[in-house]
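Since the structure comes first, as structure tokens, the remarks are kept for the end.
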Amino acid sequence: MGDTTTISQPATEAGRAPAPQPPQPQQQIGVVTAVTGFKLSCLLQGPSAPFQGQGTYSAAQIGALVKVPTPNAMAFGFIQNLTLHQRATDEKMYRAATAEIELLGELAVRSPGTPPVFSRGISTYPVLGAPAYTATERDLARIYAKPDTPTLQIGVLHQDPDKIAYLRAQDFLSKHSAIVGTVGSGKSCALTLILRALLAAHPNGHVVLLDPHDEYAQAFQGMAEVITPQNLQLPYWLLSYEEIVEVLCSRDPVSRSREASILKDAIIEAKREFLATPGAAGPAGSGTYLTVDTPTPYRLTTVVQKIGQAMGKLDRPDNTLPYLRLMTTIETLRQDKRYAFMFSGLSVRDNMAEILSRVLRIPVAGKPITIVGLSAVPSEIVNVLVSLLCRLIFDFAVWNDRGETVPIMLVCDEAHRYIPREESAGFEPTRRSIARIAKEGRKYGVSLCLVTQRPSEISEAILSQCSTLFALRMTNERDQAFVRSTLPESAAGLLNTLPTLRQQEAIIIGEGVAHPMRIRFNDLDPSHHPKGKATSFTEAWGEDRKGLDFVNSIVERWRHQTP
Ligand SMILES: Nc1ncnc2c1ncn2[C@@H]1O[C@H](COP(=O)(O)OP(=O)(O)O)[C@@H](O)[C@H]1O
Ligand SMILES: [Mg+2]
């Protein structure tokens with residue numbers, strides 16, 4: 001090995017990602033010493049004094065793109081790991097450094113006279129002793145060229161900030177995706193950026209975004225229908241049997257099953273009665289196919305009445321407890337103002353089509369995204385509400401006229417809350433609604449985008465359905481290992497950089513991009529930043545502003561349940 005190696009990247013502080021900078025001219029970093037499957041080992045060319053215990057091997061960086069000529073093409077891969085081997089004798093310190101490279105694909109001339117094109121996979125392996133070089137600007141331009149399908153521009157390549165990173169719109173949209181990364185790594189901004197780019201290109205889209213912290217409303221001002229419990233009625237009669245059991249019945253399994261069966265009979269009777277009311281049936285039609293899950297209106301007062309009647313027929317009065325409990329719970333919820341969006345039910349009418357039309361944006365009417373603000377929803381029923389919404393979206397797609405599908409994208413922030421890995425945690429129907437979309441949604445034109453800081457706590461079966469992955473900085477070992485296990489081998493080199501990514505940087509892998517890439521998301525306009533209502537302690541504790549009046553006003557609201 002020669003001693004003329006130039007250093008392409010400055011040495012960095014340990015643990016920090018190197019700053020993106022324009023790629024240097026092609027430069028040899030070493031030679032191939034082993035070839036196994038899709039992996040190469042390279043002996044790295046040393047610094048100024050090879051094998052003498054001096055200097056650093058700074059030309060090779062984890063996650064860097066390198067190339068190795070093969071007999072008929074140029075193979076490319078990412079550096080996955082680096083090792084320095086040292087041995088000291090009496091007189092000298094001997095050193096050798098090796099790099100493991102995960103192959104990605106090759107650049108080859110497909111037909112004479114045409115420029116080389118990049119494709120995944122390798123047709124011929126590099127030979128032992130072949131030189132390994134850093135990729136050049138031209139290589140990057142060829143590999144990450146603009147695909148000839150519609151694209152979205154969301155950022156720039158890490159290796160070269162002058163090169164645009166393209167997302168393939170159709171592949172990204174029609175399949176499921178996930179955005180993962182530690183808190184503060186830039187997931188919410190990335191999501192906003194992607195959706196804004198998407199909706200600018202497709203102003204008649206249908207996106208439903210579940211927003212647990214009410215942070216997206218201002219990021220999509222003017223183009224979003226913002227739904228909160230204050231402005232939408234989602235009547236209880238839309239709930240499935242399982243969902244209403246979750247809301248109304250006791251926790252302990254024995255009481256729950258007794259209450260559930262009483263409730264079931266009462267609901268079916270109440271539905272029949274409502275449909276029999278002259279003029280009330282509306283588009284819901286006749287009751288011949290009625291089940292406890294059919295989304296037809298019924299009155300809660302009738303349910304209470306039916307439960308009362310059933311209780312009256314009991315021959316042993318000591319069995320009345322489940323009946324009484326149900327009636328009390330229903331009455332309490334009807335009085336509770338926090339539940340008014342679901343249980344007020346002053347006038348029951350069949351407005352299911354209106355609700356769907358508003359939530360799914362049909363017609364779009366200039367607002368292609370619905371933001372469902374969940375922060376004001378009582379925590380006891382957030383899961384039920386999410387289950388209901390996901391089920392409505394999926395069932396709407398299933399009952400869609402095949403010829404005229406309205407494709408819908410469901411975005412779920414903080415997804416680990418709704419689809420936890422542990423079956424016992426969370427609410428089973430919610431997990432099932434989302435799992436059903438993950439499994440079958442594509443068939444019906446429903447795509448899912450999951451956003452989470454805890455990928456390892458999400459149901460593996462659901463996350464593995466996500467074809468495009470945006471992985472932002474991730475420090476937790478378990479999360480990294482989990483993400484790696486759900487992905488193809490060829491991306492392992494890039495994924496090793498996950499803990500050192502900077503805010504706003506991401507690795508994108510999967511169907512949405514031509515090839516795995518490390519990018520920096522574009523800067524989001526400050527007026528489009530998602531903003532949570534996080535309390536600033538430092539600001540609030542800065543001065544003594546509030547008095548007894550303030551406490552009084554809270555007590556007042558508390559008692560009268562007025563927001
Ligand atoms: N693309 C971006 N453009 C501008 N600022 C960003 C971008 N990505 C992240 N940031 C900054 O990082 C902060 C945290 O990002 P955020 O998206 O809220 O992270 P997360 O949702 O992962 O917790 C933001 O408040 C913003 O200041
Ligand atoms: Mg966030």
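Going by the structure tokens order, chains are called A, B, ..., each with residues numbered from 1, while ligands are numbered from 1 in the order shown.
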
- request: Kindly compile the residues surrounding ligand 1 within 7 Å, counting only C-alpha atoms and all ligand atoms, and format them as a list in words.
  value: Gly181, Thr182, Val183, Gly184, Ser185, Gly186, Lys187, Ser188, Cys189, Ala190, Leu193, Gln503, Gln504, Phe521, Asn522, Asp523, Leu524, Asp525, His529 and Pro530 of chain A

- request: May I have the residues within 12 Å of Lys264 (chain A) as a PyMOL selection string, using only C-alpha atoms and disregarding those fewer than 6 positions away in the same chain?
  value: chain A and resi 240-245+248-249+256-258+270-271+291-293+303-304+306-307+310+326

field: Backbone DSSP call of strand (DSSP E) for region 266-406 of chain A, listed as a list in words
entry: Ile369, Thr370, Ile371, Val372 and Gly373 of chain A

For the residues in that selection, give me N, CA, C and O atoms as an mmCIF file, in the first residue's frame.
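Dumped everything to again25.cif:
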data_model
loop_
_atom_site.group_PDB
_atom_site.id
_atom_site.type_symbol
_atom_site.label_atom_id
_atom_site.label_comp_id
_atom_site.auth_asym_id
_atom_site.auth_seq_id
_atom_site.Cartn_x
_atom_site.Cartn_y
_atom_site.Cartn_z
ATOM 1 N N ILE A 369 -56.897 17.229 3.845
ATOM 2 C CA ILE A 369 -56.439 16.496 5.026
ATOM 3 C C ILE A 369 -57.359 16.752 6.219
ATOM 4 O O ILE A 369 -57.789 17.886 6.434
ATOM 5 N N THR A 370 -57.693 15.680 6.918
ATOM 6 C CA THR A 370 -58.498 15.801 8.129
ATOM 7 C C THR A 370 -57.576 15.567 9.306
ATOM 8 O O THR A 370 -56.877 14.557 9.346
ATOM 9 N N ILE A 371 -57.551 16.507 10.239
ATOM 10 C CA ILE A 371 -56.716 16.319 11.432
ATOM 11 C C ILE A 371 -57.651 16.032 12.598
ATOM 12 O O ILE A 371 -58.519 16.841 12.918
ATOM 13 N N VAL A 372 -57.495 14.851 13.175
ATOM 14 C CA VAL A 372 -58.359 14.487 14.288
ATOM 15 C C VAL A 372 -57.610 14.789 15.579
ATOM 16 O O VAL A 372 -56.688 14.073 15.960
ATOM 17 N N GLY A 373 -57.971 15.882 16.230
ATOM 18 C CA GLY A 373 -57.306 16.289 17.473
ATOM 19 C C GLY A 373 -57.812 15.430 18.621
ATOM 20 O O GLY A 373 -58.981 15.473 18.965
#

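Proximity of A:Pro363, A:Gly312, A:Pro212, A:Pro116 to ligand 2, computed with only C-alpha atoms and all ligand atoms, is greatest for A:Pro212.
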
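Residue nearest Val208 (chain A) within the list A:Pro25, A:Gly129, A:Pro368, A:Pro499: A:Pro368 [criterion: smallest interatomic distance, only C-alpha atoms].
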
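Candidate residues A:Val226, A:Met74, A:Leu128, A:Leu65 were compared for distance to Val32 (chain A), and the nearest is A:Leu128, using only C-alpha atoms.
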
message: Here is a test: counting only C-alpha atoms and all ligand atoms, which residue of A:Leu472, A:Leu44, A:Ile268, A:Leu463 is nearest to ligand 2?
response: A:Leu472

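For the atom pair formed by CA of Lys67 (chain A) and CA of Ala141 (chain A), the distance is 14.1 Å, given to one decimal.
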
Can you pull out the residues contacting region 351-358 of chain A? Cut-off 12 Å, using only C-alpha atoms, and skip same-chain residues under 2 positions away; I want them as a short mmCIF file (atom, residue, chain, number, x, y, z; two decimals) with N, CA, C and O atoms, in the first residue's frame.
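Once everything was written out, this is around.cif:
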data_model
loop_
_atom_site.label_atom_id
_atom_site.label_comp_id
_atom_site.auth_asym_id
_atom_site.auth_seq_id
_atom_site.Cartn_x
_atom_site.Cartn_y
_atom_site.Cartn_z
N HIS A 206 -56.89 12.49 0.07
CA HIS A 206 -57.74 12.18 1.22
C HIS A 206 -56.84 11.61 2.31
O HIS A 206 -56.53 10.42 2.30
N VAL A 207 -56.39 12.48 3.21
CA VAL A 207 -55.50 12.04 4.28
C VAL A 207 -56.23 12.24 5.62
O VAL A 207 -56.83 13.29 5.84
N VAL A 208 -56.21 11.22 6.45
CA VAL A 208 -56.77 11.37 7.80
C VAL A 208 -55.60 11.22 8.77
O VAL A 208 -54.92 10.20 8.77
N ALA A 224 -56.64 22.06 5.99
CA ALA A 224 -57.05 20.94 6.83
C ALA A 224 -58.42 21.16 7.44
O ALA A 224 -58.80 22.26 7.81
N GLU A 225 -59.17 20.08 7.53
CA GLU A 225 -60.41 20.07 8.29
C GLU A 225 -60.02 19.57 9.68
O GLU A 225 -59.56 18.44 9.83
N VAL A 226 -60.10 20.46 10.66
CA VAL A 226 -59.65 20.05 12.00
C VAL A 226 -60.85 19.60 12.82
O VAL A 226 -61.80 20.34 13.02
N ILE A 227 -60.78 18.35 13.25
CA ILE A 227 -61.90 17.78 13.97
C ILE A 227 -61.51 17.59 15.43
O ILE A 227 -60.46 17.02 15.74
N ASN A 231 -66.23 20.02 17.92
CA ASN A 231 -66.92 20.34 16.67
C ASN A 231 -67.39 19.14 15.86
O ASN A 231 -67.83 19.26 14.75
N LEU A 232 -67.26 17.95 16.43
CA LEU A 232 -67.79 16.79 15.71
C LEU A 232 -68.58 15.90 16.65
O LEU A 232 -68.16 15.62 17.77
N GLN A 233 -69.72 15.44 16.18
CA GLN A 233 -70.48 14.44 16.90
C GLN A 233 -70.13 13.09 16.30
O GLN A 233 -70.30 12.88 15.10
N LEU A 234 -69.59 12.20 17.10
CA LEU A 234 -69.39 10.82 16.63
C LEU A 234 -70.29 9.97 17.51
O LEU A 234 -69.89 9.54 18.58
N PRO A 235 -71.52 9.77 17.08
CA PRO A 235 -72.49 9.18 18.00
C PRO A 235 -72.13 7.75 18.42
O PRO A 235 -71.53 7.01 17.66
N TYR A 236 -72.52 7.43 19.65
CA TYR A 236 -72.26 6.11 20.22
C TYR A 236 -72.78 4.99 19.34
O TYR A 236 -72.27 3.89 19.34
N TRP A 237 -73.84 5.26 18.55
CA TRP A 237 -74.42 4.16 17.78
C TRP A 237 -73.53 3.71 16.63
O TRP A 237 -73.78 2.69 16.00
N LEU A 238 -72.45 4.47 16.37
CA LEU A 238 -71.48 4.01 15.36
C LEU A 238 -70.51 2.98 15.95
O LEU A 238 -69.80 2.29 15.23
N LEU A 239 -70.46 2.90 17.29
CA LEU A 239 -69.51 1.98 17.91
C LEU A 239 -69.92 0.53 17.64
O LEU A 239 -71.10 0.21 17.58
N ALA A 280 -87.91 7.28 10.68
CA ALA A 280 -86.58 7.31 11.30
C ALA A 280 -85.58 6.42 10.58
O ALA A 280 -84.38 6.63 10.70
N ALA A 281 -86.12 5.42 9.85
CA ALA A 281 -85.19 4.44 9.27
C ALA A 281 -84.21 5.07 8.31
O ALA A 281 -83.02 4.77 8.35
N GLY A 282 -84.70 5.98 7.50
CA GLY A 282 -83.81 6.68 6.56
C GLY A 282 -83.02 5.71 5.72
O GLY A 282 -83.48 4.60 5.44
N PRO A 283 -81.82 6.10 5.32
CA PRO A 283 -81.05 5.25 4.43
C PRO A 283 -80.57 3.97 5.10
O PRO A 283 -80.08 3.08 4.44
N ALA A 284 -80.73 3.87 6.43
CA ALA A 284 -80.27 2.65 7.10
C ALA A 284 -81.09 1.44 6.66
O ALA A 284 -80.65 0.30 6.79
N THR A 294 -74.34 -3.72 13.32
CA THR A 294 -74.78 -2.89 12.19
C THR A 294 -74.81 -1.43 12.61
O THR A 294 -75.41 -1.10 13.64
N PRO A 295 -74.14 -0.53 11.86
CA PRO A 295 -74.11 0.87 12.30
C PRO A 295 -75.41 1.60 12.01
O PRO A 295 -75.48 2.45 11.14
N THR A 296 -76.46 1.25 12.73
CA THR A 296 -77.72 1.98 12.58
C THR A 296 -78.01 2.68 13.90
O THR A 296 -77.60 2.21 14.95
N PRO A 297 -78.72 3.81 13.83
CA PRO A 297 -78.96 4.56 15.06
C PRO A 297 -79.88 3.81 16.02
O PRO A 297 -80.66 2.96 15.61
N SER A 347 -80.93 14.50 19.88
CA SER A 347 -81.78 14.07 18.78
C SER A 347 -81.02 13.02 18.00
O SER A 347 -79.96 13.31 17.45
N VAL A 348 -81.52 11.83 18.02
CA VAL A 348 -80.84 10.76 17.29
C VAL A 348 -81.35 10.74 15.86
O VAL A 348 -82.55 10.64 15.61
N ARG A 349 -80.44 10.89 14.93
CA ARG A 349 -80.85 10.79 13.53
C ARG A 349 -79.71 10.13 12.77
O ARG A 349 -78.58 10.10 13.24
N LEU A 360 -63.75 11.92 5.76
CA LEU A 360 -62.95 11.40 4.64
C LEU A 360 -62.74 12.42 3.53
O LEU A 360 -62.12 12.13 2.52
N ARG A 361 -63.26 13.62 3.70
CA ARG A 361 -63.12 14.69 2.72
C ARG A 361 -63.67 14.28 1.35
O ARG A 361 -62.96 14.28 0.35
N ILE A 362 -64.95 13.91 1.34
CA ILE A 362 -65.61 13.63 0.06
C ILE A 362 -66.86 14.49 0.03
O ILE A 362 -67.81 14.19 0.76
N PRO A 363 -66.98 15.58 -0.67
CA PRO A 363 -65.95 16.14 -1.54
C PRO A 363 -64.79 16.76 -0.74
O PRO A 363 -64.94 17.10 0.43
N VAL A 364 -63.66 16.94 -1.44
CA VAL A 364 -62.47 17.49 -0.80
C VAL A 364 -62.68 18.95 -0.39
O VAL A 364 -62.27 19.37 0.70
N ALA A 365 -63.31 19.71 -1.28
CA ALA A 365 -63.61 21.13 -1.02
C ALA A 365 -62.39 21.91 -0.52
O ALA A 365 -62.48 22.66 0.46
N LYS A 367 -59.86 21.04 1.15
CA LYS A 367 -59.20 20.59 2.38
C LYS A 367 -58.89 19.09 2.30
O LYS A 367 -59.69 18.27 2.75
N PRO A 368 -57.75 18.76 1.72
CA PRO A 368 -57.47 17.34 1.48
C PRO A 368 -57.00 16.57 2.70
O PRO A 368 -56.75 15.38 2.61
N ILE A 369 -56.90 17.23 3.85
CA ILE A 369 -56.44 16.50 5.03
C ILE A 369 -57.36 16.75 6.22
O ILE A 369 -57.79 17.89 6.43
N THR A 370 -57.69 15.68 6.92
CA THR A 370 -58.50 15.80 8.13
C THR A 370 -57.58 15.57 9.31
O THR A 370 -56.88 14.56 9.35
N ILE A 371 -57.55 16.51 10.24
CA ILE A 371 -56.72 16.32 11.43
C ILE A 371 -57.65 16.03 12.60
O ILE A 371 -58.52 16.84 12.92
N VAL A 372 -57.49 14.85 13.18
CA VAL A 372 -58.36 14.49 14.29
C VAL A 372 -57.61 14.79 15.58
O VAL A 372 -56.69 14.07 15.96
N LEU A 388 -62.79 3.16 16.34
CA LEU A 388 -63.97 3.51 15.54
C LEU A 388 -63.56 4.17 14.22
O LEU A 388 -64.03 3.77 13.15
N LEU A 389 -62.65 5.14 14.29
CA LEU A 389 -62.25 5.86 13.07
C LEU A 389 -61.57 4.92 12.08
O LEU A 389 -61.87 4.94 10.88
N CYS A 390 -60.64 4.09 12.58
CA CYS A 390 -59.93 3.18 11.68
C CYS A 390 -60.91 2.19 11.05
O CYS A 390 -60.81 1.85 9.88
N ARG A 391 -61.86 1.75 11.86
CA ARG A 391 -62.84 0.80 11.34
C ARG A 391 -63.72 1.46 10.30
O ARG A 391 -64.01 0.89 9.24
N LEU A 392 -64.14 2.70 10.56
CA LEU A 392 -64.98 3.40 9.59
C LEU A 392 -64.24 3.54 8.26
O LEU A 392 -64.80 3.33 7.20
N ILE A 393 -62.94 3.91 8.34
CA ILE A 393 -62.17 4.11 7.12
C ILE A 393 -62.06 2.80 6.35
O ILE A 393 -62.29 2.75 5.14
N PHE A 394 -61.74 1.73 7.06
CA PHE A 394 -61.57 0.45 6.37
C PHE A 394 -62.90 -0.04 5.79
O PHE A 394 -62.98 -0.43 4.62
N ASP A 395 -63.96 0.00 6.61
CA ASP A 395 -65.24 -0.51 6.11
C ASP A 395 -65.76 0.33 4.95
O ASP A 395 -66.33 -0.19 4.00
N PHE A 396 -65.51 1.63 5.03
CA PHE A 396 -65.93 2.50 3.92
C PHE A 396 -65.23 2.04 2.64
O PHE A 396 -65.85 1.94 1.58
N ALA A 397 -63.93 1.73 2.76
CA ALA A 397 -63.18 1.28 1.58
C ALA A 397 -63.69 -0.07 1.09
O ALA A 397 -63.81 -0.30 -0.11
N VAL A 406 -62.06 5.66 -3.69
CA VAL A 406 -61.43 6.89 -3.23
C VAL A 406 -60.28 6.46 -2.33
O VAL A 406 -60.50 6.04 -1.20
#

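For the pair CA of Glu259 (chain A) and CA of Thr301 (chain A), the interatomic distance is 17.0 Å.
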
Residue nearest Ile143 (chain A) - candidates A:Val384, A:Ala130, A:Leu104, A:Met409, atoms counted: only C-alpha atoms: A:Leu104
